[in-house]
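Here is start_3.csv, consisting of CSV, N, CA and C atoms:
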chain,number,residue,atom,x,y,z
K,729,GLU,N,-140.8,-8.8,33.7
K,729,GLU,CA,-141.0,-8.1,35.0
K,729,GLU,C,-142.0,-8.9,35.8
K,730,VAL,N,-141.7,-9.2,37.0
K,730,VAL,CA,-142.7,-9.8,37.9
K,730,VAL,C,-142.7,-9.0,39.2
K,731,TYR,N,-143.8,-8.5,39.6
K,731,TYR,CA,-143.9,-7.7,40.8
K,731,TYR,C,-142.9,-6.6,40.9
K,732,GLY,N,-142.4,-6.1,39.8
K,732,GLY,CA,-141.4,-5.0,39.8
K,732,GLY,C,-140.0,-5.6,39.7
K,733,PHE,N,-139.8,-6.9,39.8
K,733,PHE,CA,-138.5,-7.6,39.7
K,733,PHE,C,-138.2,-7.8,38.2
K,734,GLN,N,-137.1,-7.3,37.8
K,734,GLN,CA,-136.6,-7.5,36.4
K,734,GLN,C,-136.1,-8.9,36.2
K,735,VAL,N,-136.8,-9.7,35.4
K,735,VAL,CA,-136.3,-11.1,35.2
K,735,VAL,C,-135.2,-11.0,34.2
K,736,PRO,N,-134.1,-11.7,34.5
K,736,PRO,CA,-132.9,-11.8,33.6
K,736,PRO,C,-133.3,-12.3,32.2
K,737,ARG,N,-132.6,-11.8,31.2
K,737,ARG,CA,-133.0,-12.1,29.8
K,737,ARG,C,-132.9,-13.6,29.6
K,738,CYS,N,-132.0,-14.3,30.2
K,738,CYS,CA,-131.8,-15.8,30.0
K,738,CYS,C,-132.8,-16.6,30.8
K,739,MET,N,-133.8,-16.0,31.4
K,739,MET,CA,-134.8,-16.7,32.2
K,739,MET,C,-136.2,-16.4,31.7
K,740,GLU,N,-137.1,-17.3,32.0
K,740,GLU,CA,-138.5,-17.1,31.5
K,740,GLU,C,-139.5,-17.3,32.7
K,741,VAL,N,-140.6,-16.6,32.6
K,741,VAL,CA,-141.6,-16.8,33.7
K,741,VAL,C,-142.4,-18.0,33.3
K,742,GLU,N,-142.4,-19.0,34.2
K,742,GLU,CA,-143.2,-20.2,33.9
K,742,GLU,C,-144.6,-20.0,34.3
K,743,SER,N,-144.9,-19.4,35.4
K,743,SER,CA,-146.2,-19.1,35.8
K,743,SER,C,-146.2,-17.9,36.8
K,744,ARG,N,-147.3,-17.2,36.8
K,744,ARG,CA,-147.5,-16.1,37.7
K,744,ARG,C,-148.9,-16.1,38.2
K,745,LEU,N,-149.0,-16.2,39.5
K,745,LEU,CA,-150.3,-16.3,40.2
K,745,LEU,C,-150.4,-14.9,41.0
K,746,VAL,N,-151.5,-14.8,41.7
K,746,VAL,CA,-151.8,-13.6,42.5
K,746,VAL,C,-150.7,-13.4,43.5
K,747,ASP,N,-150.3,-14.4,44.2
K,747,ASP,CA,-149.3,-14.3,45.3
K,747,ASP,C,-148.0,-14.9,45.1
K,748,ARG,N,-147.7,-15.4,43.9
K,748,ARG,CA,-146.4,-16.0,43.7
K,748,ARG,C,-146.1,-16.2,42.2
K,749,ALA,N,-144.8,-16.3,41.9
K,749,ALA,CA,-144.4,-16.5,40.5
K,749,ALA,C,-143.2,-17.4,40.4
K,750,TYR,N,-143.1,-18.2,39.3
K,750,TYR,CA,-142.1,-19.1,39.1
K,750,TYR,C,-141.3,-18.8,37.9
K,751,VAL,N,-140.0,-18.6,38.0
K,751,VAL,CA,-139.1,-18.2,36.9
K,751,VAL,C,-138.0,-19.2,36.8
K,752,SER,N,-137.6,-19.6,35.6
K,752,SER,CA,-136.5,-20.6,35.5
K,752,SER,C,-135.7,-20.3,34.3
K,753,GLY,N,-134.4,-20.8,34.3
K,753,GLY,CA,-133.5,-20.6,33.2
K,753,GLY,C,-132.2,-21.3,33.4
K,754,ARG,N,-131.4,-21.4,32.4
K,754,ARG,CA,-130.1,-22.0,32.5
K,754,ARG,C,-129.0,-21.0,32.9
K,755,VAL,N,-129.1,-20.7,34.2
K,755,VAL,CA,-128.1,-19.9,34.9
K,755,VAL,C,-127.6,-20.5,36.1
K,756,SER,N,-126.5,-20.1,36.6
K,756,SER,CA,-125.9,-20.7,37.8
K,756,SER,C,-126.7,-20.2,39.1
K,757,PRO,N,-126.9,-21.0,40.1
K,757,PRO,CA,-127.6,-20.5,41.3
K,757,PRO,C,-126.8,-19.4,41.9
K,758,GLU,N,-125.5,-19.4,41.9
K,758,GLU,CA,-124.7,-18.3,42.5
K,758,GLU,C,-124.9,-17.0,41.8
K,759,GLY,N,-124.9,-17.1,40.4
K,759,GLY,CA,-125.1,-15.9,39.6
K,759,GLY,C,-126.5,-15.3,39.8
K,760,LEU,N,-127.5,-16.2,39.9
K,760,LEU,CA,-128.8,-15.7,40.1
K,760,LEU,C,-129.0,-15.1,41.5
K,761,ALA,N,-128.4,-15.7,42.5
K,761,ALA,CA,-128.5,-15.1,43.8
K,761,ALA,C,-127.8,-13.8,43.9
K,762,ASN,N,-126.7,-13.6,43.2
K,762,ASN,CA,-126.0,-12.3,43.2
K,762,ASN,C,-126.9,-11.3,42.5
K,763,TYR,N,-127.6,-11.7,41.4
K,763,TYR,CA,-128.5,-10.8,40.7
K,763,TYR,C,-129.6,-10.4,41.5
K,764,VAL,N,-130.2,-11.3,42.2
K,764,VAL,CA,-131.4,-11.0,43.1
K,764,VAL,C,-130.9,-10.1,44.2
K,765,ARG,N,-129.7,-10.3,44.8
K,765,ARG,CA,-129.2,-9.4,45.8
K,765,ARG,C,-129.2,-7.9,45.4
K,766,GLU,N,-128.9,-7.7,44.1
K,766,GLU,CA,-128.9,-6.3,43.6
K,766,GLU,C,-130.2,-5.7,43.4
K,767,GLN,N,-131.3,-6.6,43.2
K,767,GLN,CA,-132.6,-6.1,42.9
K,767,GLN,C,-133.5,-5.9,44.1
K,768,VAL,N,-133.1,-6.3,45.3
K,768,VAL,CA,-133.9,-6.3,46.5
K,768,VAL,C,-133.2,-5.5,47.6
K,769,VAL,N,-134.1,-5.1,48.6
K,769,VAL,CA,-133.6,-4.6,49.9
K,769,VAL,C,-134.0,-5.7,50.9
K,770,VAL,N,-133.0,-6.2,51.6
K,770,VAL,CA,-133.3,-7.3,52.6
K,770,VAL,C,-132.4,-7.2,53.7
K,771,SER,N,-132.8,-7.5,54.9
K,771,SER,CA,-132.0,-7.4,56.1
K,771,SER,C,-130.9,-8.5,56.2
K,772,HIS,N,-131.3,-9.7,55.8
K,772,HIS,CA,-130.4,-10.8,55.8
K,772,HIS,C,-130.7,-11.8,54.7
K,773,VAL,N,-129.8,-12.7,54.4
K,773,VAL,CA,-130.0,-13.7,53.3
K,773,VAL,C,-129.7,-15.1,54.0
K,774,GLU,N,-130.5,-16.1,53.8
K,774,GLU,CA,-130.3,-17.4,54.3
K,774,GLU,C,-129.7,-18.3,53.2
K,775,ILE,N,-128.4,-18.7,53.4
K,775,ILE,CA,-127.7,-19.4,52.4
K,775,ILE,C,-127.6,-20.9,52.9
K,776,GLY,N,-128.1,-21.8,52.1
K,776,GLY,CA,-128.0,-23.2,52.4
K,776,GLY,C,-127.5,-24.0,51.3
K,777,ALA,N,-127.3,-25.3,51.5
K,777,ALA,CA,-126.8,-26.2,50.5
K,777,ALA,C,-127.8,-26.4,49.3
K,778,ALA,N,-129.0,-26.4,49.6
K,778,ALA,CA,-130.1,-26.6,48.6
K,778,ALA,C,-130.7,-25.4,48.1
K,779,ARG,N,-130.6,-24.3,48.8
K,779,ARG,CA,-131.3,-23.1,48.3
K,779,ARG,C,-130.8,-21.8,48.9
K,780,THR,N,-131.0,-20.7,48.3
K,780,THR,CA,-130.7,-19.4,48.9
K,780,THR,C,-132.1,-18.6,49.1
K,781,VAL,N,-132.3,-18.1,50.3
K,781,VAL,CA,-133.6,-17.5,50.5
K,781,VAL,C,-133.4,-16.0,50.9
K,782,PHE,N,-134.2,-15.1,50.3
K,782,PHE,CA,-134.2,-13.7,50.7
K,782,PHE,C,-135.6,-13.5,51.3
K,783,PRO,N,-135.6,-13.6,52.7
K,783,PRO,CA,-136.9,-13.5,53.4
K,783,PRO,C,-137.3,-12.0,53.6
K,784,MET,N,-138.6,-11.7,53.6
K,784,MET,CA,-139.1,-10.4,53.9
K,784,MET,C,-138.3,-9.3,53.1
K,785,ALA,N,-138.2,-9.5,51.8
K,785,ALA,CA,-137.4,-8.6,51.0
K,785,ALA,C,-138.4,-7.6,50.3
K,786,ARG,N,-137.9,-6.4,50.0
K,786,ARG,CA,-138.6,-5.4,49.2
K,786,ARG,C,-137.9,-5.3,47.9
K,787,ILE,N,-138.7,-5.5,46.8
K,787,ILE,CA,-138.1,-5.3,45.5
K,787,ILE,C,-138.0,-3.9,45.2
K,788,LYS,N,-136.8,-3.4,44.8
K,788,LYS,CA,-136.4,-2.0,44.7
K,788,LYS,C,-137.4,-1.3,43.7
K,789,ALA,N,-137.7,-1.9,42.6
K,789,ALA,CA,-138.5,-1.3,41.5
K,789,ALA,C,-140.0,-1.7,41.7
K,790,GLY,N,-140.3,-2.5,42.8
K,790,GLY,CA,-141.6,-2.9,43.0
K,790,GLY,C,-142.4,-2.0,43.9
K,791,PRO,N,-143.6,-2.5,44.3
K,791,PRO,CA,-144.4,-1.7,45.2
K,791,PRO,C,-143.8,-1.6,46.6
K,792,ALA,N,-143.7,-0.4,47.1
K,792,ALA,CA,-143.0,-0.1,48.4
K,792,ALA,C,-143.8,-0.7,49.6
K,793,ASP,N,-145.0,-1.0,49.4
K,793,ASP,CA,-145.8,-1.5,50.6
K,793,ASP,C,-145.9,-3.1,50.6
K,794,ARG,N,-145.2,-3.7,49.7
K,794,ARG,CA,-145.3,-5.2,49.6
K,794,ARG,C,-143.9,-5.8,50.0
K,795,LEU,N,-144.0,-7.0,50.7
K,795,LEU,CA,-142.8,-7.8,51.0
K,795,LEU,C,-142.9,-9.1,50.3
K,796,PHE,N,-141.7,-9.6,49.9
K,796,PHE,CA,-141.6,-10.8,49.2
K,796,PHE,C,-140.6,-11.7,49.7
K,797,GLN,N,-140.7,-13.0,49.5
K,797,GLN,CA,-139.7,-14.0,49.8
K,797,GLN,C,-139.2,-14.5,48.5
K,798,LEU,N,-138.0,-14.4,48.2
K,798,LEU,CA,-137.4,-14.9,46.9
K,798,LEU,C,-136.5,-16.1,47.2
K,799,GLU,N,-136.7,-17.2,46.5
K,799,GLU,CA,-135.9,-18.4,46.8
K,799,GLU,C,-135.2,-18.8,45.5
K,800,VAL,N,-133.9,-19.0,45.5
K,800,VAL,CA,-133.1,-19.5,44.4
K,800,VAL,C,-132.9,-21.0,44.6
K,801,LEU,N,-133.3,-21.8,43.7
K,801,LEU,CA,-133.2,-23.3,43.9
K,801,LEU,C,-132.6,-23.9,42.6
K,802,PRO,N,-131.5,-24.7,42.8
K,802,PRO,CA,-131.0,-25.5,41.7
K,802,PRO,C,-132.1,-26.5,41.3
K,803,ASP,N,-132.3,-26.7,39.9
K,803,ASP,CA,-133.3,-27.6,39.4
K,803,ASP,C,-132.7,-28.3,38.2
K,804,GLY,N,-131.8,-29.3,38.5
K,804,GLY,CA,-131.2,-30.0,37.4
K,804,GLY,C,-130.3,-29.0,36.6
K,805,PRO,N,-130.4,-29.0,35.3
K,805,PRO,CA,-129.5,-28.0,34.5
K,805,PRO,C,-130.0,-26.6,34.6
K,806,LYS,N,-131.2,-26.4,35.2
K,806,LYS,CA,-131.7,-25.1,35.3
K,806,LYS,C,-131.6,-24.6,36.7
K,807,THR,N,-132.0,-23.3,36.9
K,807,THR,CA,-132.1,-22.7,38.3
K,807,THR,C,-133.5,-22.1,38.3
K,808,ARG,N,-134.2,-22.3,39.4
K,808,ARG,CA,-135.5,-21.8,39.6
K,808,ARG,C,-135.5,-20.7,40.6
K,809,LEU,N,-136.3,-19.6,40.3
K,809,LEU,CA,-136.5,-18.5,41.2
K,809,LEU,C,-138.0,-18.5,41.6
K,810,VAL,N,-138.3,-18.6,42.8
K,810,VAL,CA,-139.7,-18.5,43.3
K,810,VAL,C,-139.9,-17.2,44.1
K,811,ILE,N,-140.8,-16.4,43.6
K,811,ILE,CA,-141.1,-15.1,44.3
K,811,ILE,C,-142.5,-15.2,44.9
K,812,LYS,N,-142.5,-15.1,46.3
K,812,LYS,CA,-143.8,-15.2,47.0
K,812,LYS,C,-144.1,-13.9,47.7
K,813,ASP,N,-145.4,-13.4,47.5
K,813,ASP,CA,-145.8,-12.2,48.2
K,813,ASP,C,-146.1,-12.6,49.7
K,814,VAL,N,-145.3,-12.1,50.6
K,814,VAL,CA,-145.5,-12.5,52.0
K,814,VAL,C,-145.9,-11.3,52.9
K,815,THR,N,-146.6,-10.3,52.2
K,815,THR,CA,-147.0,-9.1,52.9
K,815,THR,C,-148.1,-9.5,53.9
K,816,PRO,N,-147.9,-9.1,55.2
K,816,PRO,CA,-149.0,-9.5,56.2
K,816,PRO,C,-150.3,-8.8,55.9
K,817,PRO,N,-151.4,-9.4,56.2
K,817,PRO,CA,-152.7,-8.7,55.9
K,817,PRO,C,-152.8,-7.5,56.8
K,818,PRO,N,-153.6,-6.5,56.4
K,818,PRO,CA,-153.8,-5.3,57.3
K,818,PRO,C,-154.6,-5.7,58.5
K,819,PRO,N,-154.4,-5.0,59.6
K,819,PRO,CA,-155.1,-5.3,60.8
K,819,PRO,C,-156.6,-5.0,60.6
K,820,PRO,N,-157.5,-5.8,61.3
K,820,PRO,CA,-158.9,-5.5,61.1
K,820,PRO,C,-159.3,-4.1,61.7
K,821,PRO,N,-160.3,-3.5,61.1
K,821,PRO,CA,-160.8,-2.2,61.6
K,821,PRO,C,-161.2,-2.4,63.1
K,822,PRO,N,-160.9,-1.4,63.9
K,822,PRO,CA,-161.3,-1.4,65.3
K,822,PRO,C,-162.8,-1.5,65.5
K,823,GLY,N,-163.2,-2.1,66.5
K,823,GLY,CA,-164.7,-2.2,66.9
K,823,GLY,C,-165.5,-3.2,66.2
K,824,MET,N,-164.9,-4.1,65.4
K,824,MET,CA,-165.6,-5.2,64.7
K,824,MET,C,-165.7,-6.4,65.7
K,825,THR,N,-166.8,-7.1,65.6
K,825,THR,CA,-166.9,-8.3,66.4
K,825,THR,C,-166.3,-9.4,65.6
K,826,ASP,N,-166.1,-10.6,66.2
K,826,ASP,CA,-165.5,-11.7,65.5
K,826,ASP,C,-166.4,-12.1,64.4
K,827,ALA,N,-167.7,-12.2,64.6
K,827,ALA,CA,-168.6,-12.6,63.5
K,827,ALA,C,-168.5,-11.6,62.3
K,828,GLU,N,-168.4,-10.3,62.6
K,828,GLU,CA,-168.2,-9.3,61.5
K,828,GLU,C,-166.9,-9.5,60.8
K,829,ARG,N,-165.9,-9.9,61.5
K,829,ARG,CA,-164.6,-10.1,60.8
K,829,ARG,C,-164.7,-11.3,59.9
K,830,TRP,N,-165.3,-12.4,60.4
K,830,TRP,CA,-165.5,-13.6,59.5
K,830,TRP,C,-166.3,-13.3,58.3
K,831,ARG,N,-167.4,-12.5,58.5
K,831,ARG,CA,-168.2,-12.1,57.3
K,831,ARG,C,-167.5,-11.3,56.3
K,832,ALA,N,-166.6,-10.4,56.8
K,832,ALA,CA,-165.8,-9.5,55.9
K,832,ALA,C,-164.9,-10.4,55.1
K,833,ALA,N,-164.4,-11.5,55.7
K,833,ALA,CA,-163.5,-12.4,55.0
K,833,ALA,C,-164.3,-13.4,54.1
K,834,GLY,N,-165.6,-13.3,54.1
K,834,GLY,CA,-166.4,-14.2,53.2
K,834,GLY,C,-166.7,-15.5,53.8
K,835,LEU,N,-166.5,-15.7,55.1
K,835,LEU,CA,-166.6,-17.0,55.8
K,835,LEU,C,-167.6,-16.9,56.9
K,836,THR,N,-168.1,-18.1,57.3
K,836,THR,CA,-168.9,-18.2,58.5
K,836,THR,C,-168.0,-18.3,59.7
K,837,PRO,N,-168.5,-18.2,60.9
K,837,PRO,CA,-167.6,-18.3,62.1
K,837,PRO,C,-166.9,-19.7,62.2
K,838,ASP,N,-167.4,-20.7,61.6
K,838,ASP,CA,-166.8,-22.0,61.6
K,838,ASP,C,-165.8,-22.2,60.5
K,839,GLY,N,-165.6,-21.2,59.6
K,839,GLY,CA,-164.6,-21.2,58.6
K,839,GLY,C,-165.1,-21.7,57.2
K,840,ARG,N,-166.4,-21.8,57.1
K,840,ARG,CA,-167.0,-22.3,55.8
K,840,ARG,C,-167.3,-21.0,55.0
K,841,PRO,N,-167.3,-21.2,53.6
K,841,PRO,CA,-167.6,-20.0,52.8
K,841,PRO,C,-169.0,-19.6,52.9
K,842,LEU,N,-169.3,-18.3,52.8
K,842,LEU,CA,-170.6,-17.8,52.9
K,842,LEU,C,-171.4,-18.1,51.6
K,843,ASP,N,-170.7,-18.0,50.5
K,843,ASP,CA,-171.3,-18.2,49.1
K,843,ASP,C,-170.4,-19.2,48.4
K,844,LEU,N,-170.9,-20.4,48.2
K,844,LEU,CA,-170.2,-21.5,47.5
K,844,LEU,C,-170.0,-21.2,46.1
K,845,LYS,N,-171.0,-20.4,45.5
K,845,LYS,CA,-170.9,-20.1,44.0
K,845,LYS,C,-169.7,-19.3,43.7
K,846,LYS,N,-169.2,-18.5,44.6
K,846,LYS,CA,-168.0,-17.6,44.4
K,846,LYS,C,-166.8,-18.5,44.3
K,847,LEU,N,-166.8,-19.7,44.8
K,847,LEU,CA,-165.6,-20.6,44.7
K,847,LEU,C,-165.5,-21.3,43.4
K,848,GLU,N,-166.6,-21.3,42.6
K,848,GLU,CA,-166.6,-22.0,41.3
K,848,GLU,C,-165.7,-21.2,40.2

Transcribe the structure of this file into structure tokens.
Amino acid sequence: EVYGFQVPRCMEVESRLVDRAYVSGRVSPEGLANYVREQVVVSHVEIGAARTVFPMARIKAGPADRLFQLEVLPDGPKTRLVIKDVTPPPPPPPGMTDAERWRAAGLTPDGRPLDLKKLE
């Protein structure tokens, strides 16, 4: 399971980061795209020669407040599924100055980190 998405048995999670996950396996791209279609709620699907994209999708068994982009990509004998969290950030609290917003993000107004040790 990744972000509430049930990974098919014949596929494995290659890596999972905070905002994205990579899954691959020996399945057909069409079969995986049909499986993804059953697992998500999405307004439209972008079908191309090289990939199938489910933009701004909500995973049915996942968090209701998160949006994801799911991409089905043929990768040689395997098929890869990339799941990206594309949830927009919440709006800033009202009444904050620009400098306060930068500080809340951990940055100076010119975009540099406030504390370099946190990046280590």

Quick one: pick out all strand (DSSP E) residues within chain K from a backbone DSSP run and write them as number ranges by chain. K: 739-744, 748-753, 768-769, 774-775, 780-787, 796-803, 806-813

With N, CA and C atoms kept, could you save the residues just selected as a CSV table (one decimal), in the coordinates of the input?
chain,number,residue,atom,x,y,z
K,739,MET,N,-133.8,-16.0,31.4
K,739,MET,CA,-134.8,-16.7,32.2
K,739,MET,C,-136.2,-16.4,31.7
K,740,GLU,N,-137.1,-17.3,32.0
K,740,GLU,CA,-138.5,-17.1,31.5
K,740,GLU,C,-139.5,-17.3,32.7
K,741,VAL,N,-140.6,-16.6,32.6
K,741,VAL,CA,-141.6,-16.8,33.7
K,741,VAL,C,-142.4,-18.0,33.3
K,742,GLU,N,-142.4,-19.0,34.2
K,742,GLU,CA,-143.2,-20.2,33.9
K,742,GLU,C,-144.6,-20.0,34.3
K,743,SER,N,-144.9,-19.4,35.4
K,743,SER,CA,-146.2,-19.1,35.8
K,743,SER,C,-146.2,-17.9,36.8
K,744,ARG,N,-147.3,-17.2,36.8
K,744,ARG,CA,-147.5,-16.1,37.7
K,744,ARG,C,-148.9,-16.1,38.2
K,748,ARG,N,-147.7,-15.4,43.9
K,748,ARG,CA,-146.4,-16.0,43.7
K,748,ARG,C,-146.1,-16.2,42.2
K,749,ALA,N,-144.8,-16.3,41.9
K,749,ALA,CA,-144.4,-16.5,40.5
K,749,ALA,C,-143.2,-17.4,40.4
K,750,TYR,N,-143.1,-18.2,39.3
K,750,TYR,CA,-142.1,-19.1,39.1
K,750,TYR,C,-141.3,-18.8,37.9
K,751,VAL,N,-140.0,-18.6,38.0
K,751,VAL,CA,-139.1,-18.2,36.9
K,751,VAL,C,-138.0,-19.2,36.8
K,752,SER,N,-137.6,-19.6,35.6
K,752,SER,CA,-136.5,-20.6,35.5
K,752,SER,C,-135.7,-20.3,34.3
K,753,GLY,N,-134.4,-20.8,34.3
K,753,GLY,CA,-133.5,-20.6,33.2
K,753,GLY,C,-132.2,-21.3,33.4
K,768,VAL,N,-133.1,-6.3,45.3
K,768,VAL,CA,-133.9,-6.3,46.5
K,768,VAL,C,-133.2,-5.5,47.6
K,769,VAL,N,-134.1,-5.1,48.6
K,769,VAL,CA,-133.6,-4.6,49.9
K,769,VAL,C,-134.0,-5.7,50.9
K,774,GLU,N,-130.5,-16.1,53.8
K,774,GLU,CA,-130.3,-17.4,54.3
K,774,GLU,C,-129.7,-18.3,53.2
K,775,ILE,N,-128.4,-18.7,53.4
K,775,ILE,CA,-127.7,-19.4,52.4
K,775,ILE,C,-127.6,-20.9,52.9
K,780,THR,N,-131.0,-20.7,48.3
K,780,THR,CA,-130.7,-19.4,48.9
K,780,THR,C,-132.1,-18.6,49.1
K,781,VAL,N,-132.3,-18.1,50.3
K,781,VAL,CA,-133.6,-17.5,50.5
K,781,VAL,C,-133.4,-16.0,50.9
K,782,PHE,N,-134.2,-15.1,50.3
K,782,PHE,CA,-134.2,-13.7,50.7
K,782,PHE,C,-135.6,-13.5,51.3
K,783,PRO,N,-135.6,-13.6,52.7
K,783,PRO,CA,-136.9,-13.5,53.4
K,783,PRO,C,-137.3,-12.0,53.6
K,784,MET,N,-138.6,-11.7,53.6
K,784,MET,CA,-139.1,-10.4,53.9
K,784,MET,C,-138.3,-9.3,53.1
K,785,ALA,N,-138.2,-9.5,51.8
K,785,ALA,CA,-137.4,-8.6,51.0
K,785,ALA,C,-138.4,-7.6,50.3
K,786,ARG,N,-137.9,-6.4,50.0
K,786,ARG,CA,-138.6,-5.4,49.2
K,786,ARG,C,-137.9,-5.3,47.9
K,787,ILE,N,-138.7,-5.5,46.8
K,787,ILE,CA,-138.1,-5.3,45.5
K,787,ILE,C,-138.0,-3.9,45.2
K,796,PHE,N,-141.7,-9.6,49.9
K,796,PHE,CA,-141.6,-10.8,49.2
K,796,PHE,C,-140.6,-11.7,49.7
K,797,GLN,N,-140.7,-13.0,49.5
K,797,GLN,CA,-139.7,-14.0,49.8
K,797,GLN,C,-139.2,-14.5,48.5
K,798,LEU,N,-138.0,-14.4,48.2
K,798,LEU,CA,-137.4,-14.9,46.9
K,798,LEU,C,-136.5,-16.1,47.2
K,799,GLU,N,-136.7,-17.2,46.5
K,799,GLU,CA,-135.9,-18.4,46.8
K,799,GLU,C,-135.2,-18.8,45.5
K,800,VAL,N,-133.9,-19.0,45.5
K,800,VAL,CA,-133.1,-19.5,44.4
K,800,VAL,C,-132.9,-21.0,44.6
K,801,LEU,N,-133.3,-21.8,43.7
K,801,LEU,CA,-133.2,-23.3,43.9
K,801,LEU,C,-132.6,-23.9,42.6
K,802,PRO,N,-131.5,-24.7,42.8
K,802,PRO,CA,-131.0,-25.5,41.7
K,802,PRO,C,-132.1,-26.5,41.3
K,803,ASP,N,-132.3,-26.7,39.9
K,803,ASP,CA,-133.3,-27.6,39.4
K,803,ASP,C,-132.7,-28.3,38.2
K,806,LYS,N,-131.2,-26.4,35.2
K,806,LYS,CA,-131.7,-25.1,35.3
K,806,LYS,C,-131.6,-24.6,36.7
K,807,THR,N,-132.0,-23.3,36.9
K,807,THR,CA,-132.1,-22.7,38.3
K,807,THR,C,-133.5,-22.1,38.3
K,808,ARG,N,-134.2,-22.3,39.4
K,808,ARG,CA,-135.5,-21.8,39.6
K,808,ARG,C,-135.5,-20.7,40.6
K,809,LEU,N,-136.3,-19.6,40.3
K,809,LEU,CA,-136.5,-18.5,41.2
K,809,LEU,C,-138.0,-18.5,41.6
K,810,VAL,N,-138.3,-18.6,42.8
K,810,VAL,CA,-139.7,-18.5,43.3
K,810,VAL,C,-139.9,-17.2,44.1
K,811,ILE,N,-140.8,-16.4,43.6
K,811,ILE,CA,-141.1,-15.1,44.3
K,811,ILE,C,-142.5,-15.2,44.9
K,812,LYS,N,-142.5,-15.1,46.3
K,812,LYS,CA,-143.8,-15.2,47.0
K,812,LYS,C,-144.1,-13.9,47.7
K,813,ASP,N,-145.4,-13.4,47.5
K,813,ASP,CA,-145.8,-12.2,48.2
K,813,ASP,C,-146.1,-12.6,49.7

Determine which residues of range 735-805 of chain K DSSP labels as alpha helix (DSSP H) from the backbone of this structure, then write them out as JSON, numbers by chain. {"K": [757, 758, 759, 760, 761, 762, 763, 764, 765, 766, 767]}

Identify the residues around (-160.6, -6.7, 56.2) within a radius of 6 Å, measuring from only N, CA and C atoms in the coordinates stated by the file, and give them as a PyMOL selection string. chain K and resi 820-821+832

Residue subset to file, keeping N, CA and C atoms, as a short mmCIF file (atom, residue, chain, number, x, y, z; two decimals), in the coordinates of the input:
data_model
loop_
_atom_site.label_atom_id
_atom_site.label_comp_id
_atom_site.auth_asym_id
_atom_site.auth_seq_id
_atom_site.Cartn_x
_atom_site.Cartn_y
_atom_site.Cartn_z
N PRO K 820 -157.50 -5.80 61.30
CA PRO K 820 -158.90 -5.50 61.10
C PRO K 820 -159.30 -4.10 61.70
N PRO K 821 -160.30 -3.50 61.10
CA PRO K 821 -160.80 -2.20 61.60
C PRO K 821 -161.20 -2.40 63.10
N ALA K 832 -166.60 -10.40 56.80
CA ALA K 832 -165.80 -9.50 55.90
C ALA K 832 -164.90 -10.40 55.10
#

CA of Arg808 in chain K to CA of Pro783 in chain K, straight-line distance in Å: 16.2 Å

Ref. answer, residues at most 7 Å from (-134.6, -15.1, 42.7) with only C-alpha atoms, as an mmCIF file with N, CA and C atoms, in the frame of the given file:
data_model
loop_
_atom_site.group_PDB
_atom_site.id
_atom_site.type_symbol
_atom_site.label_atom_id
_atom_site.label_comp_id
_atom_site.auth_asym_id
_atom_site.auth_seq_id
_atom_site.Cartn_x
_atom_site.Cartn_y
_atom_site.Cartn_z
ATOM 1 N N LEU K 760 -127.500 -16.200 39.900
ATOM 2 C CA LEU K 760 -128.800 -15.700 40.100
ATOM 3 C C LEU K 760 -129.000 -15.100 41.500
ATOM 4 N N ALA K 761 -128.400 -15.700 42.500
ATOM 5 C CA ALA K 761 -128.500 -15.100 43.800
ATOM 6 C C ALA K 761 -127.800 -13.800 43.900
ATOM 7 N N VAL K 764 -130.200 -11.300 42.200
ATOM 8 C CA VAL K 764 -131.400 -11.000 43.100
ATOM 9 C C VAL K 764 -130.900 -10.100 44.200
ATOM 10 N N LEU K 798 -138.000 -14.400 48.200
ATOM 11 C CA LEU K 798 -137.400 -14.900 46.900
ATOM 12 C C LEU K 798 -136.500 -16.100 47.200
ATOM 13 N N GLU K 799 -136.700 -17.200 46.500
ATOM 14 C CA GLU K 799 -135.900 -18.400 46.800
ATOM 15 C C GLU K 799 -135.200 -18.800 45.500
ATOM 16 N N VAL K 800 -133.900 -19.000 45.500
ATOM 17 C CA VAL K 800 -133.100 -19.500 44.400
ATOM 18 C C VAL K 800 -132.900 -21.000 44.600
ATOM 19 N N LEU K 809 -136.300 -19.600 40.300
ATOM 20 C CA LEU K 809 -136.500 -18.500 41.200
ATOM 21 C C LEU K 809 -138.000 -18.500 41.600
ATOM 22 N N VAL K 810 -138.300 -18.600 42.800
ATOM 23 C CA VAL K 810 -139.700 -18.500 43.300
ATOM 24 C C VAL K 810 -139.900 -17.200 44.100
ATOM 25 N N ILE K 811 -140.800 -16.400 43.600
ATOM 26 C CA ILE K 811 -141.100 -15.100 44.300
ATOM 27 C C ILE K 811 -142.500 -15.200 44.900
#

What's around Cys738 in chain K at 12 Å? Count only C-alpha atoms, leave out sequence neighbours fewer than 6 positions away in its own chain, and write the answer as a PyMOL selection string. chain K and resi 751-756+759-760+806-808

What does the structure give for the distance between atom C of Arg748 in chain K and atom C of Pro837 in chain K, in Å to one decimal? 29.1 Å

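Between atom C of Arg786 in chain K and CA of Pro822 in chain K lies a distance of 29.4 Å.
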
Using only N, CA and C atoms, determine which residues lie at most 7 Å from Asp747 in chain K, disregarding the query and same-chain residues fewer than 2 positions distant; provide the list as a PyMOL selection string. chain K and resi 744-745+749+811-814

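Proximity ranking of K:Ala789, K:Ile775, K:Leu795, K:Val781 relative to Gly732 in chain K places K:Ala789 first, based on only N, CA and C atoms.
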